[in-house]
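Everything below belongs to upload_16.cif, which stores mmCIF, C-alpha atoms.
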data_query
#
loop_
_atom_site.label_atom_id
_atom_site.label_comp_id
_atom_site.auth_asym_id
_atom_site.auth_seq_id
_atom_site.Cartn_x
_atom_site.Cartn_y
_atom_site.Cartn_z
CA MET A 1 11.72 -17.89 1.46
CA ILE A 2 8.85 -15.44 1.57
CA LEU A 3 5.85 -17.21 0.11
CA ASN A 4 3.79 -14.07 -0.30
CA CYS A 5 3.48 -10.48 0.83
CA LEU A 6 0.68 -11.03 3.30
CA SER A 7 2.11 -10.14 6.66
CA SER A 8 -1.50 -10.33 7.78
CA ARG A 9 -2.32 -12.08 10.97
CA TRP A 10 -5.54 -10.14 10.64
CA PRO A 11 -8.77 -11.46 9.11
CA ASN A 12 -9.10 -10.84 5.39
CA ARG A 13 -12.11 -11.11 4.84
CA VAL A 14 -23.30 8.79 5.09
CA PRO A 15 -23.59 12.04 6.03
CA VAL A 16 -20.74 12.33 8.45
CA GLY A 17 -20.79 9.94 11.40
CA SER A 18 -21.01 11.19 14.93
CA PRO A 19 -17.88 11.15 17.06
CA LEU A 20 -17.25 7.88 18.86
CA ILE A 21 -16.78 8.57 22.53
CA THR A 22 -16.12 5.60 24.85
CA ALA A 23 -19.58 4.31 25.76
CA ALA A 24 -21.87 6.24 23.41
CA VAL A 25 -21.55 5.42 19.72
CA ALA A 26 -23.83 6.79 17.00
CA LEU A 27 -23.43 5.78 13.37
CA PHE A 28 -24.97 7.33 10.28
CA ILE A 29 -24.51 5.24 7.17
CA LEU A 30 -25.18 6.54 3.68
CA SER A 31 -26.21 3.68 1.44
CA SER A 32 -24.14 3.03 -1.67
CA VAL A 33 -25.45 4.86 -4.71
CA PRO A 34 -24.89 3.10 -8.05
CA ALA A 35 -22.85 5.14 -10.53
CA ASP A 36 -23.60 4.90 -14.24
CA ALA A 37 -21.20 7.30 -16.01
CA GLN A 38 -18.05 5.25 -15.56
CA THR A 39 -15.74 2.87 -17.39
CA GLU A 40 -13.26 0.26 -16.19
CA ALA A 41 -10.72 -1.37 -18.45
CA VAL A 42 -8.00 -3.97 -17.95
CA LEU A 43 -4.71 -2.53 -19.21
CA HIS A 44 -2.65 -5.65 -18.53
CA SER A 45 -3.33 -9.23 -17.41
CA PHE A 46 -0.51 -10.94 -15.56
CA ASN A 47 0.43 -14.49 -16.54
CA TYR A 48 2.49 -16.27 -13.91
CA ALA A 49 3.54 -19.53 -15.54
CA PRO A 50 4.73 -22.42 -13.32
CA PHE A 51 8.45 -22.12 -12.67
CA GLN A 52 10.79 -24.74 -14.07
CA GLN A 53 14.54 -24.36 -13.81
CA ASN A 54 15.88 -26.03 -16.94
CA THR A 55 19.01 -24.70 -18.59
CA ALA A 56 17.89 -26.20 -21.89
CA CYS A 57 14.84 -23.99 -21.95
CA PRO A 58 14.78 -20.42 -23.24
CA PRO A 59 14.94 -17.60 -20.71
CA SER A 60 12.01 -17.55 -18.32
CA THR A 61 9.50 -14.80 -19.04
CA GLN A 62 7.26 -15.18 -16.02
CA ASP A 63 4.86 -12.33 -15.50
CA GLY A 64 4.54 -11.91 -11.74
CA LEU A 65 1.56 -11.80 -9.43
CA PRO A 66 0.73 -8.17 -8.43
CA TYR A 67 0.35 -7.17 -4.82
CA ALA A 68 1.40 -3.52 -4.47
CA GLY A 69 -0.05 -0.36 -5.97
CA LEU A 70 1.28 1.66 -8.88
CA LEU A 71 3.36 4.80 -9.41
CA LEU A 72 2.19 7.09 -12.20
CA TYR A 73 5.14 9.09 -13.55
CA LYS A 74 5.18 11.06 -16.81
CA GLY A 75 2.32 9.06 -18.28
CA HIS A 76 3.79 5.64 -17.48
CA LEU A 77 2.81 3.21 -14.73
CA TYR A 78 5.53 1.63 -12.59
CA GLY A 79 5.16 -1.23 -10.13
CA THR A 80 6.52 -4.42 -8.63
CA THR A 81 5.47 -8.02 -8.25
CA PRO A 82 6.79 -10.30 -5.46
CA GLU A 83 7.12 -13.24 -7.85
CA GLY A 84 7.95 -13.70 -11.50
CA GLY A 85 10.57 -12.00 -13.61
CA ALA A 86 12.88 -12.88 -16.47
CA GLY A 87 16.01 -15.02 -16.31
CA GLU A 88 19.22 -15.69 -18.12
CA LYS A 89 19.55 -18.86 -20.19
CA GLY A 90 22.12 -21.26 -18.77
CA VAL A 91 22.91 -19.02 -15.81
CA ARG A 92 20.01 -18.66 -13.41
CA TYR A 93 16.30 -18.11 -13.49
CA SER A 94 14.22 -15.77 -11.42
CA ARG A 95 10.88 -16.10 -9.77
CA ASP A 96 11.86 -13.76 -6.97
CA GLY A 97 9.99 -10.72 -8.20
CA MET A 98 10.40 -7.90 -10.65
CA ALA A 99 9.98 -4.17 -11.22
CA PHE A 100 8.05 -3.23 -14.34
CA LYS A 101 6.90 -0.31 -16.45
CA LEU A 102 3.59 -0.16 -18.29
CA ASN A 103 3.77 2.04 -21.39
CA PRO A 104 0.68 3.78 -22.81
CA PRO A 105 -0.41 2.79 -26.33
CA GLU A 106 1.42 4.23 -29.30
CA SER A 107 -0.51 6.56 -31.59
CA GLY A 108 -3.29 4.61 -33.28
CA GLU A 109 -2.86 1.62 -30.95
CA THR A 110 -4.94 0.48 -27.98
CA VAL A 111 -2.70 -1.98 -26.14
CA TRP A 112 -0.44 -0.97 -23.27
CA GLY A 113 3.00 -2.56 -23.35
CA LYS A 114 4.87 -3.94 -20.33
CA THR A 115 8.63 -3.69 -19.90
CA THR A 116 10.55 -5.53 -17.18
CA LEU A 117 12.96 -3.05 -15.61
CA HIS A 118 14.66 -5.49 -13.24
CA SER A 119 14.27 -9.14 -12.28
CA PHE A 120 15.32 -9.87 -8.72
CA LEU A 121 17.63 -12.88 -8.76
CA PRO A 122 18.30 -15.64 -6.22
CA ASP A 123 21.31 -14.98 -4.05
CA THR A 124 24.53 -16.69 -5.10
CA GLU A 125 28.15 -16.18 -4.21
CA GLN A 126 28.41 -13.88 -7.21
CA ASN A 127 25.20 -11.97 -6.67
CA ILE A 128 23.59 -10.36 -3.64
CA ASP A 129 20.25 -8.94 -4.68
CA GLY A 130 17.01 -8.21 -2.93
CA ASN A 131 14.03 -10.44 -3.61
CA TYR A 132 10.27 -10.47 -3.12
CA PRO A 133 9.34 -6.77 -3.46
CA CYS A 134 6.01 -6.33 -1.69
CA SER A 135 5.65 -2.55 -1.90
CA ASN A 136 5.08 0.12 -4.51
CA LEU A 137 7.83 2.26 -6.04
CA ILE A 138 8.39 5.94 -5.29
CA GLU A 139 10.24 8.52 -7.39
CA GLU A 140 12.89 10.89 -6.08
CA ASN A 141 15.07 13.07 -8.33
CA GLY A 142 14.46 10.90 -11.38
CA LYS A 143 15.27 7.59 -9.68
CA PHE A 144 12.81 4.97 -8.46
CA TYR A 145 13.07 3.43 -5.01
CA GLY A 146 11.46 0.44 -3.33
CA THR A 147 12.01 -2.33 -0.79
CA THR A 148 12.15 -6.12 -0.80
CA VAL A 149 11.27 -8.34 2.15
CA GLY A 150 14.02 -10.85 1.37
CA GLY A 151 17.46 -10.97 -0.13
CA GLY A 152 20.48 -8.89 0.64
CA GLU A 153 23.51 -10.06 2.56
CA HIS A 154 21.43 -11.12 5.56
CA ASP A 155 18.31 -12.20 3.64
CA LEU A 156 16.24 -9.65 5.58
CA GLY A 157 15.44 -7.27 2.76
CA VAL A 158 16.90 -4.22 1.09
CA LEU A 159 16.12 -0.70 -0.05
CA PHE A 160 16.93 -0.57 -3.77
CA ALA A 161 17.16 2.08 -6.47
CA LEU A 162 16.35 1.86 -10.18
CA THR A 163 18.14 4.30 -12.46
CA PRO A 164 16.72 4.96 -15.94
CA PRO A 165 19.00 4.21 -18.90
CA PRO A 166 21.12 6.95 -20.47
CA LYS A 167 19.77 8.47 -23.65
CA GLY A 168 19.97 6.02 -26.52
CA GLN A 169 20.13 2.95 -24.26
CA THR A 170 17.41 0.66 -22.89
CA ASP A 171 18.79 -1.13 -19.81
CA TRP A 172 17.88 0.13 -16.37
CA THR A 173 20.39 -0.15 -13.51
CA GLU A 174 19.44 -1.59 -10.13
CA SER A 175 21.55 -0.81 -7.07
CA LEU A 176 21.24 -1.58 -3.38
CA VAL A 177 20.86 1.58 -1.31
CA TYR A 178 20.68 -0.14 2.08
CA THR A 179 20.74 -3.76 3.28
CA PHE A 180 18.97 -4.60 6.54
CA THR A 181 21.04 -6.54 9.04
CA GLY A 182 18.44 -7.71 11.56
CA LEU A 183 20.32 -6.06 14.42
CA THR A 184 19.34 -2.56 15.56
CA ASP A 185 17.67 -1.94 12.18
CA GLY A 186 15.42 -5.03 12.10
CA GLY A 187 14.31 -6.45 8.77
CA ARG A 188 11.50 -7.50 6.42
CA PRO A 189 10.15 -4.13 5.14
CA PHE A 190 6.74 -5.27 3.88
CA GLY A 191 5.28 -1.78 3.54
CA GLY A 192 6.15 1.03 1.16
CA LEU A 193 8.58 3.89 1.58
CA THR A 194 7.79 7.53 2.30
CA VAL A 195 10.17 10.35 1.41
CA ASP A 196 10.07 13.84 2.91
CA ASN A 197 10.98 17.17 1.31
CA THR A 198 14.65 16.71 2.23
CA GLY A 199 14.99 13.35 0.46
CA THR A 200 15.01 11.30 3.67
CA PHE A 201 13.34 7.87 3.49
CA TYR A 202 10.98 6.48 6.13
CA GLY A 203 9.47 3.01 6.43
CA ALA A 204 8.45 0.18 8.73
CA ASN A 205 9.98 -3.25 9.27
CA TYR A 206 7.97 -6.32 10.18
CA TRP A 207 10.83 -7.64 12.31
CA GLY A 208 12.34 -5.54 15.06
CA VAL A 209 15.68 -5.27 16.83
CA ASN A 210 17.65 -8.54 16.86
CA GLY A 211 14.90 -10.40 15.02
CA ALA A 212 12.17 -9.68 17.56
CA GLU A 213 8.61 -10.15 16.32
CA ALA A 214 7.79 -6.49 16.77
CA GLY A 215 7.45 -3.60 14.37
CA LEU A 216 10.12 -0.99 13.87
CA ILE A 217 10.11 2.44 12.19
CA PHE A 218 13.30 3.40 10.38
CA GLN A 219 14.77 6.49 8.77
CA ILE A 220 17.46 6.32 6.07
CA ASN A 221 19.56 9.36 5.14
CA CYS A 222 21.84 9.23 2.11
CA ASP A 223 24.69 11.42 0.91
CA PRO A 224 26.57 10.74 -2.35
CA SER A 225 28.75 8.07 -0.72
CA LEU A 226 26.88 6.56 2.23
CA CYS A 227 23.38 5.75 3.52
CA ILE A 228 22.81 5.66 7.27
CA GLU A 229 19.83 4.03 9.02
CA ASN A 230 18.32 5.38 12.24
CA THR A 231 15.75 3.43 14.21
CA LEU A 232 13.11 5.90 15.37
CA TYR A 233 10.76 3.59 17.25
CA SER A 234 10.55 -0.06 18.29
CA ALA A 235 7.08 -1.44 19.06
CA PRO A 236 6.31 -3.75 21.98
CA LEU A 237 6.84 -7.46 21.36
CA GLY A 238 4.09 -8.92 19.18
CA THR A 239 2.98 -5.54 17.82
CA TYR A 240 3.36 -4.80 14.13
CA ILE A 241 3.43 -1.55 12.16
CA ASN A 242 2.06 -0.91 8.69
CA GLY A 243 4.12 0.71 5.97
CA GLY A 244 2.96 3.78 4.11
CA LEU A 245 3.81 6.24 6.87
CA LEU A 246 2.51 9.81 6.63
CA VAL A 247 5.18 12.49 7.15
CA ASP A 248 4.07 16.03 7.91
CA ASN A 249 6.61 18.26 6.18
CA GLY A 250 5.56 21.15 8.38
CA ASP A 251 6.79 19.96 11.76
CA GLY A 252 8.33 16.62 10.75
CA SER A 253 5.78 14.51 12.64
CA ILE A 254 5.23 10.93 11.47
CA PHE A 255 1.78 9.33 11.57
CA GLY A 256 1.02 5.65 11.14
CA THR A 257 -1.14 2.68 12.05
CA SER A 258 -0.62 -0.69 13.68
CA PRO A 259 -2.98 -3.55 12.73
CA ASN A 260 -2.83 -5.14 16.18
CA GLY A 261 -1.50 -2.43 18.47
CA GLY A 262 -3.26 -0.33 21.06
CA GLN A 263 -4.88 -1.13 24.37
CA TYR A 264 -7.33 -3.70 22.97
CA GLY A 265 -5.18 -5.40 20.33
CA TYR A 266 -7.42 -4.34 17.43
CA GLY A 267 -5.04 -1.70 16.11
CA ASN A 268 -4.27 1.94 16.74
CA VAL A 269 -3.23 5.24 15.16
CA PHE A 270 -0.01 6.83 16.45
CA GLN A 271 2.23 9.86 16.03
CA LEU A 272 5.99 10.27 16.35
CA THR A 273 7.39 13.74 17.08
CA LEU A 274 10.99 14.88 17.38
CA SER A 275 11.90 16.92 20.43
CA ALA A 276 15.39 17.69 21.74
CA GLY A 277 16.88 15.05 19.46
CA LYS A 278 14.53 12.29 20.67
CA TRP A 279 11.55 10.76 18.93
CA ASN A 280 8.48 10.54 21.16
CA TYR A 281 5.59 8.11 20.57
CA TYR A 282 1.95 9.18 21.11
CA ASP A 283 -1.02 6.83 20.87
CA LEU A 284 -3.79 8.87 19.22
CA TYR A 285 -6.56 6.27 19.12
CA ASP A 286 -7.09 2.61 20.10
CA PHE A 287 -9.67 0.65 18.11
CA THR A 288 -11.96 -1.46 20.28
CA GLY A 289 -12.97 -4.03 17.65
CA GLY A 290 -16.61 -2.95 17.68
CA ALA A 291 -18.44 -0.24 15.78
CA ASP A 292 -15.26 1.81 15.52
CA GLY A 293 -13.47 -0.83 13.45
CA ALA A 294 -10.61 -3.30 13.79
CA TYR A 295 -7.27 -4.02 12.13
CA PRO A 296 -6.35 -0.80 10.30
CA ASN A 297 -4.15 -2.27 7.58
CA GLY A 298 -3.65 0.71 5.24
CA GLY A 299 -1.79 3.96 5.71
CA LEU A 300 -3.16 7.40 6.50
CA LEU A 301 -3.87 10.49 4.43
CA GLY A 302 -4.51 14.06 5.49
CA SER A 303 -2.35 16.19 7.74
CA ALA A 304 -1.73 16.84 11.41
CA GLY A 305 -5.07 17.47 13.09
CA ASP A 306 -7.19 15.73 10.44
CA LEU A 307 -6.34 12.15 9.40
CA PHE A 308 -8.24 9.66 7.20
CA GLY A 309 -7.84 5.89 7.07
CA THR A 310 -9.44 2.47 6.70
CA ALA A 311 -10.00 -0.41 9.09
CA GLN A 312 -10.16 -3.81 7.46
CA ARG A 313 -12.74 -5.32 9.78
CA GLY A 314 -15.09 -4.21 12.55
CA GLY A 315 -18.11 -1.99 12.20
CA ASP A 316 -20.26 -4.46 14.07
CA ALA A 317 -21.26 -3.01 17.43
CA THR A 318 -20.40 -6.17 19.36
CA ALA A 319 -17.49 -7.94 17.60
CA PRO A 320 -14.65 -7.41 15.10
CA GLU A 321 -16.40 -9.57 12.53
CA GLY A 322 -17.82 -6.72 10.50
CA SER A 323 -16.88 -5.63 6.99
CA GLY A 324 -14.67 -2.71 7.96
CA VAL A 325 -15.02 1.07 8.22
CA LEU A 326 -13.73 4.35 6.82
CA PHE A 327 -12.66 6.67 9.60
CA GLU A 328 -11.56 10.23 10.20
CA LEU A 329 -9.48 11.19 13.23
CA ARG A 330 -9.65 14.89 13.96
CA GLU A 331 -8.72 17.46 16.58
CA LEU A 332 -11.91 19.39 17.30
CA THR A 333 -9.77 22.31 18.41
CA PRO A 334 -6.02 22.67 17.81
CA GLY A 335 -4.09 20.72 20.40
CA SER A 336 -7.11 18.82 21.74
CA PRO A 337 -7.25 14.99 21.87
CA TYR A 338 -8.18 13.35 18.58
CA THR A 339 -11.82 12.29 18.11
CA LEU A 340 -12.82 9.43 15.81
CA PHE A 341 -15.57 9.89 13.22
CA ILE A 342 -16.93 6.96 11.23
CA GLN A 343 -17.53 8.08 7.64
CA HIS A 344 -18.85 4.74 6.38
CA THR A 345 -19.52 1.28 7.78
CA PHE A 346 -19.27 -1.47 5.16
CA THR A 347 -21.92 -4.19 5.07
CA GLY A 348 -20.76 -6.50 2.26
CA LEU A 349 -19.95 -9.34 4.64
CA ASN A 350 -23.67 -9.62 5.36
CA GLY A 351 -24.57 -10.30 1.74
CA SER A 352 -25.36 -6.73 0.70
CA PRO A 353 -23.81 -5.32 -2.52
CA ASP A 354 -21.62 -3.01 -0.44
CA GLY A 355 -17.89 -3.59 -0.19
CA SER A 356 -16.09 -5.53 2.50
CA ALA A 357 -12.52 -5.53 3.88
CA PRO A 358 -10.85 -2.28 2.76
CA ALA A 359 -7.30 -3.63 2.89
CA ALA A 360 -5.53 -0.56 1.45
CA GLY A 361 -5.41 3.12 2.25
CA PHE A 362 -6.79 6.13 0.40
CA TYR A 363 -5.80 8.06 -2.70
CA GLN A 364 -6.91 11.72 -2.78
CA ASP A 365 -7.69 13.37 -6.12
CA ALA A 366 -7.43 17.04 -7.11
CA SER A 367 -11.02 17.76 -6.07
CA GLY A 368 -10.39 16.53 -2.53
CA SER A 369 -12.23 13.21 -2.82
CA TYR A 370 -10.76 10.12 -1.20
CA TRP A 371 -10.78 6.95 -3.32
CA GLY A 372 -10.24 3.38 -2.20
CA THR A 373 -10.95 -0.28 -2.77
CA CYS A 374 -12.46 -3.16 -0.87
CA GLU A 375 -10.91 -6.57 -1.32
CA TYR A 376 -14.30 -8.30 -1.12
CA GLY A 377 -17.96 -7.40 -1.45
CA GLY A 378 -19.77 -5.83 -4.36
CA SER A 379 -22.19 -7.50 -6.74
CA GLU A 380 -19.95 -10.58 -7.21
CA ASP A 381 -18.07 -10.49 -3.88
CA ARG A 382 -14.84 -9.79 -5.80
CA GLY A 383 -14.17 -6.30 -4.55
CA THR A 384 -15.21 -2.71 -5.17
CA ILE A 385 -14.02 0.83 -5.86
CA PHE A 386 -15.52 3.59 -3.73
CA GLU A 387 -15.37 7.36 -3.31
CA LEU A 388 -15.60 9.43 -0.14
CA TYR A 389 -16.32 12.98 -1.28
CA PRO A 390 -16.67 16.25 0.64
CA ASP A 391 -19.97 18.05 0.92
CA ARG A 392 -20.15 21.11 -1.33
CA TYR A 393 -21.47 23.39 1.38
CA LYS A 394 -20.62 22.01 4.83
CA VAL A 395 -17.12 21.69 6.24
CA HIS A 396 -16.19 18.27 7.69
CA VAL A 397 -19.18 16.57 6.07
CA TRP A 398 -18.39 13.64 3.79
CA HIS A 399 -20.47 11.29 1.64
CA TYR A 400 -19.79 7.73 0.53
CA GLN A 401 -20.55 6.28 -2.89
CA GLN A 402 -19.74 2.85 -4.26
CA MET A 403 -18.51 3.33 -7.81
CA TYR A 404 -17.62 -0.08 -9.23
CA SER A 405 -17.91 -3.81 -8.51
CA PHE A 406 -15.26 -6.15 -9.91
CA ILE A 407 -16.63 -9.28 -11.56
CA GLY A 408 -13.45 -11.29 -12.19
CA GLY A 409 -13.17 -13.69 -15.10
CA THR A 410 -10.99 -13.18 -18.15
CA ASN A 411 -12.10 -9.60 -18.82
CA ASP A 412 -11.92 -8.07 -15.35
CA GLY A 413 -9.83 -8.19 -12.23
CA ALA A 414 -10.84 -9.41 -8.78
CA TYR A 415 -9.81 -8.82 -5.16
CA PRO A 416 -7.97 -5.45 -5.19
CA GLU A 417 -5.57 -5.15 -2.26
CA ALA A 418 -3.51 -2.05 -3.06
CA THR A 419 -3.91 1.72 -2.92
CA LEU A 420 -5.09 3.49 -6.08
CA THR A 421 -3.30 6.26 -7.92
CA GLY A 422 -4.64 8.79 -10.42
CA ASP A 423 -3.81 11.26 -13.17
CA SER A 424 -4.70 14.92 -13.70
CA SER A 425 -7.76 13.96 -15.77
CA GLY A 426 -9.35 12.04 -12.91
CA ASN A 427 -8.57 8.53 -14.19
CA LEU A 428 -7.64 6.01 -11.50
CA TYR A 429 -5.18 3.12 -11.78
CA GLY A 430 -4.71 0.06 -9.63
CA THR A 431 -3.98 -3.65 -9.41
CA THR A 432 -6.01 -6.74 -8.57
CA SER A 433 -4.52 -9.92 -7.18
CA SER A 434 -6.73 -12.17 -9.27
CA GLY A 435 -8.79 -12.12 -12.47
CA GLY A 436 -7.68 -11.40 -16.00
CA THR A 437 -6.94 -13.78 -18.85
CA ALA A 438 -4.79 -16.10 -16.69
CA SER A 439 -6.48 -15.42 -13.33
CA ASP A 440 -3.14 -14.05 -12.09
CA GLY A 441 -4.21 -10.45 -11.55
CA THR A 442 -4.53 -7.27 -13.55
CA ILE A 443 -3.62 -3.62 -13.91
CA PHE A 444 -6.79 -1.61 -14.47
CA GLU A 445 -7.92 1.90 -15.33
CA PHE A 446 -11.12 3.32 -13.89
CA THR A 447 -12.68 6.50 -15.27
CA PRO A 448 -15.36 7.99 -12.99
#
Using the file provided, produce a representation of the structure as structure tokens.
Amino acid sequence: MILNCLSSRWPNRVPVGSPLITAAVALFILSSVPADAQTEAVLHSFNYAPFQQNTACPPSTQDGLPYAGLLLYKGHLYGTTPEGGAGEKGVRYSRDGMAFKLNPPESGETVWGKTTLHSFLPDTEQNIDGNYPCSNLIEENGKFYGTTVGGGEHDLGVLFALTPPPKGQTDWTESLVYTFTGLTDGGRPFGGLTVDNTGTFYGANYWGVNGAEAGLIFQINCDPSLCIENTLYSAPLGTYINGGLLVDNGDGSIFGTSPNGGQYGYGNVFQLTLSAGKWNYYDLYDFTGGADGAYPNGGLLGSAGDLFGTAQRGGDATAPEGSGVLFELRELTPGSPYTLFIQHTFTGLNGSPDGSAPAAGFYQDASGSYWGTCEYGGSEDRGTIFELYPDRYKVHVWHYQQMYSFIGGTNDGAYPEATLTGDSSGNLYGTTSSGGTASDGTIFEFTP
């Protein structure tokens, strides 16, 4: 059984910076600027009631605990929870996770409504389903895809699809696209999927070939009758790979991060390129655990030659016990080695109102700003929302601004762990793992 989605063995808890070059490190930190013209609202509070399997009781209506981010599609929000779900009276009950849809208020109303699209069910002889979805959903050709870290024939996770109901009906259909075997394909896909412009899926498994404790990057190609998995890269033993891979649709390169890879064990940024039918691995940067950060736990945004990401800890010049950093990794000239720039060093761990522990990656809005969250820090040490925005006049100059501090309690969320998403009007949407009316997490909307 997967008790939660935290594969973390890693601690939870400016004008542009100068490049970090081996011995000489210079940091420029722009203090957080409070923002006044903003609103934050809880759209849904999760309520995960204690599970009791009792066939005399009505169907379970557990509302799961959120962990992953959201998909915004045609005005609706879609997501997953690794626990909770509905059950069938007298047959079986589910607390193995669910996929849901959050519907905007009807005309004249103010309350968003939640619909359970699928409840992942315990495996029985009659049913082989995935369970414990720990990643967000993606949309491809009108269907929604995601992964679970458990379930399937080998209890090592699956890639599943959700098909919307035909017109005039209400029931969604869940189907298994691929079931991980634990052999050459590994298992336990904790992170989210990425799809390229050909419809090919990419992702990372927590377990490697033959159950080895080592990360693995997979590719899944599907035709109308069959899905085939290809293992593109297997990490060294003891090294893990984050989900949320970045695929460059130009040359097909894949970029990603490892939370404990690299020369020093504090994480690294890597690239996979295809040449003569073989995927080649390149280590672009190794974090040292000092001022440059430690444990990059989110994905990357940007494109080949200019990548942006977060490191969950580090920022302290002498140890990985800092509050984390925002970094940019850039080729100064095309084809040159990548150089790391620190765009912000968080200080919330030291008692300042700044954020601490950016556990997720970035979302980029239409204006080019990067938005993210910190799991801790802020005015109440319950997490923050921040913006990294480009300078209006100077290329490659970025500025940091803290935009919101979560306060928890019944009317606000606390401890955001997932990547944000946004709409065309600039509103941002996300989840918190705590807070809300039942302290079981929230879905929120933030309007800058």
Selection under test: the PyMOL selection byres ((chain A and resi 153) around 10); residues as a PyMOL selection string: chain A and resi 123+127-130+150-152+154-158+179-181
Distance of CA of Thr163 in chain A from CA of Lys143 in chain A, expressed in Å to one decimal place: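 Answer for the CA of Lys143 in chain A to CA of Thr163 in chain A separation: 5.2 Å.
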Answer key for the PyMOL selection byres ((chain A and resi 388) around 12), residues as an MDAnalysis selection string: chainID A and resid 14:16 30 32:33 308:310 325:328 342:344 362:365 367:373 385:387 389:391 396:403
Minimum-distance residue to Ala41 in chain A, chosen among A:Phe341, A:Trp112, A:Tyr264, A:Tyr281 (using only C-alpha atoms):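 Of A:Phe341, A:Trp112, A:Tyr264, A:Tyr281, the one nearest Ala41 in chain A, counting only C-alpha atoms, is A:Trp112.
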Distance query 10 Å from (-12.2, -7.6, -13.4) using all atoms listed in the file, result as a count of residues only: 29
Polymer residues at most 9 Å from Thr39 in chain A, all atoms listed in the file, same-chain spacing of 4 or more positions, as an NGL selection string: :A and (404 or 445-448)
Size and centre in Å, one decimal, axis-aligned box, all listed range 191-206 of chain A atoms plus 4 Å per side, as AutoDock Vina command-line options:
--center_x 10.1 --center_y 5.4 --center_z 5.3 --size_x 17.7 --size_y 31.5 --size_z 17.7
Straight-line distance linking CA of Asp185 in chain A with CA of Asp283 in chain A, stated in Å to one decimal: 22.4 Å
Residues returned when the PyMOL selection byres ((chain A and resi 297-306) around 8) runs on this file, as an MDAnalysis selection string: chainID A and resid 242:246 248 253 255:259 295:296 307:312 328:331 334 338 359:364
Interatomic distance, CA of Leu193 in chain A to CA of Thr239 in chain A (Å, one decimal): 19.6 Å
Spatial neighbours of Ala204 in chain A, max dist 7 Å, all atoms listed in the file, sep filter under 5 positions, as a PyMOL selection string: chain A and resi 189+191+215-218+241-243
Selected residues written out, C-alpha atoms, as a PDB file, in the coordinates of the input:
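selection.pdb was written with the following content:
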ATOM      1  CA  PRO A 189      10.150  -4.130   5.140  1.00  0.00           C
ATOM      2  CA  GLY A 191       5.280  -1.780   3.540  1.00  0.00           C
ATOM      3  CA  GLY A 215       7.450  -3.600  14.370  1.00  0.00           C
ATOM      4  CA  LEU A 216      10.120  -0.990  13.870  1.00  0.00           C
ATOM      5  CA  ILE A 217      10.110   2.440  12.190  1.00  0.00           C
ATOM      6  CA  PHE A 218      13.300   3.400  10.380  1.00  0.00           C
ATOM      7  CA  ILE A 241       3.430  -1.550  12.160  1.00  0.00           C
ATOM      8  CA  ASN A 242       2.060  -0.910   8.690  1.00  0.00           C
ATOM      9  CA  GLY A 243       4.120   0.710   5.970  1.00  0.00           C
TER      10      GLY A 243
END
Close residues, Lys114 in chain A itself excluded, 8 Å, all atoms listed in the file, min 4 positions apart in chain, as a ChimeraX atom specification: /A:44,100-103
Ref. answer, residues at most 9 Å from (10.8, -10.4, 4.6) with only C-alpha atoms, as a count of residues only: 22
Pick from A:Leu428, A:Gly252, A:Tyr145, A:Thr421, whichever lies nearest to Ser275 in chain A using all atoms listed in the file: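 Of the candidates, the smallest distance to Ser275 in chain A is held by A:Gly252.
The smallest atom-to-atom distance between Phe346 in chain A and any of A:Glu139, A:Glu321, A:Glu213, A:Glu174, using all atoms listed in the file, is found for A:Glu321.
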Using only C-alpha atoms, which protein or nucleic acid residues come within 12 Å of Ser225 in chain A? Drop anything in the same chain fewer than 4 positions from it, and give the result as a CSV table (one decimal) with C-alpha atoms, in the frame of the given file.
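Okay, this is what ended up in part33.csv:
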chain,number,residue,atom,x,y,z
A,177,VAL,CA,20.9,1.6,-1.3
A,178,TYR,CA,20.7,-0.1,2.1
A,221,ASN,CA,19.6,9.4,5.1
Residues within 6 Å of range 350-357 of chain A, only C-alpha atoms, excluding chain neighbours under 5 positions, as an mmCIF file with C-alpha atoms, keeping the file's coordinate frame:
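Listed below is the output, around15.cif:
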data_model
loop_
_atom_site.group_PDB
_atom_site.id
_atom_site.type_symbol
_atom_site.label_atom_id
_atom_site.label_comp_id
_atom_site.auth_asym_id
_atom_site.auth_seq_id
_atom_site.Cartn_x
_atom_site.Cartn_y
_atom_site.Cartn_z
ATOM 1 C CA ARG A 13 -12.110 -11.110 4.840
ATOM 2 C CA GLN A 312 -10.160 -3.810 7.460
ATOM 3 C CA ARG A 313 -12.740 -5.320 9.780
ATOM 4 C CA SER A 323 -16.880 -5.630 6.990
ATOM 5 C CA GLY A 324 -14.670 -2.710 7.960
ATOM 6 C CA CYS A 374 -12.460 -3.160 -0.870
ATOM 7 C CA GLU A 375 -10.910 -6.570 -1.320
ATOM 8 C CA TYR A 376 -14.300 -8.300 -1.120
ATOM 9 C CA GLY A 377 -17.960 -7.400 -1.450
ATOM 10 C CA GLY A 378 -19.770 -5.830 -4.360
ATOM 11 C CA SER A 379 -22.190 -7.500 -6.740
ATOM 12 C CA THR A 384 -15.210 -2.710 -5.170
#
Among listed residues A:Asp63, A:Glu140, A:Thr184, A:Lys278, nearest Gly208 in chain A (using all atoms listed in the file):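 The closest residue to Gly208 in chain A is A:Thr184.
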Among the residues A:Thr231, A:Thr198, A:Thr116, A:Asn141, the one that comes closest to Thr170 in chain A [using all atoms listed in the file]: A:Thr116
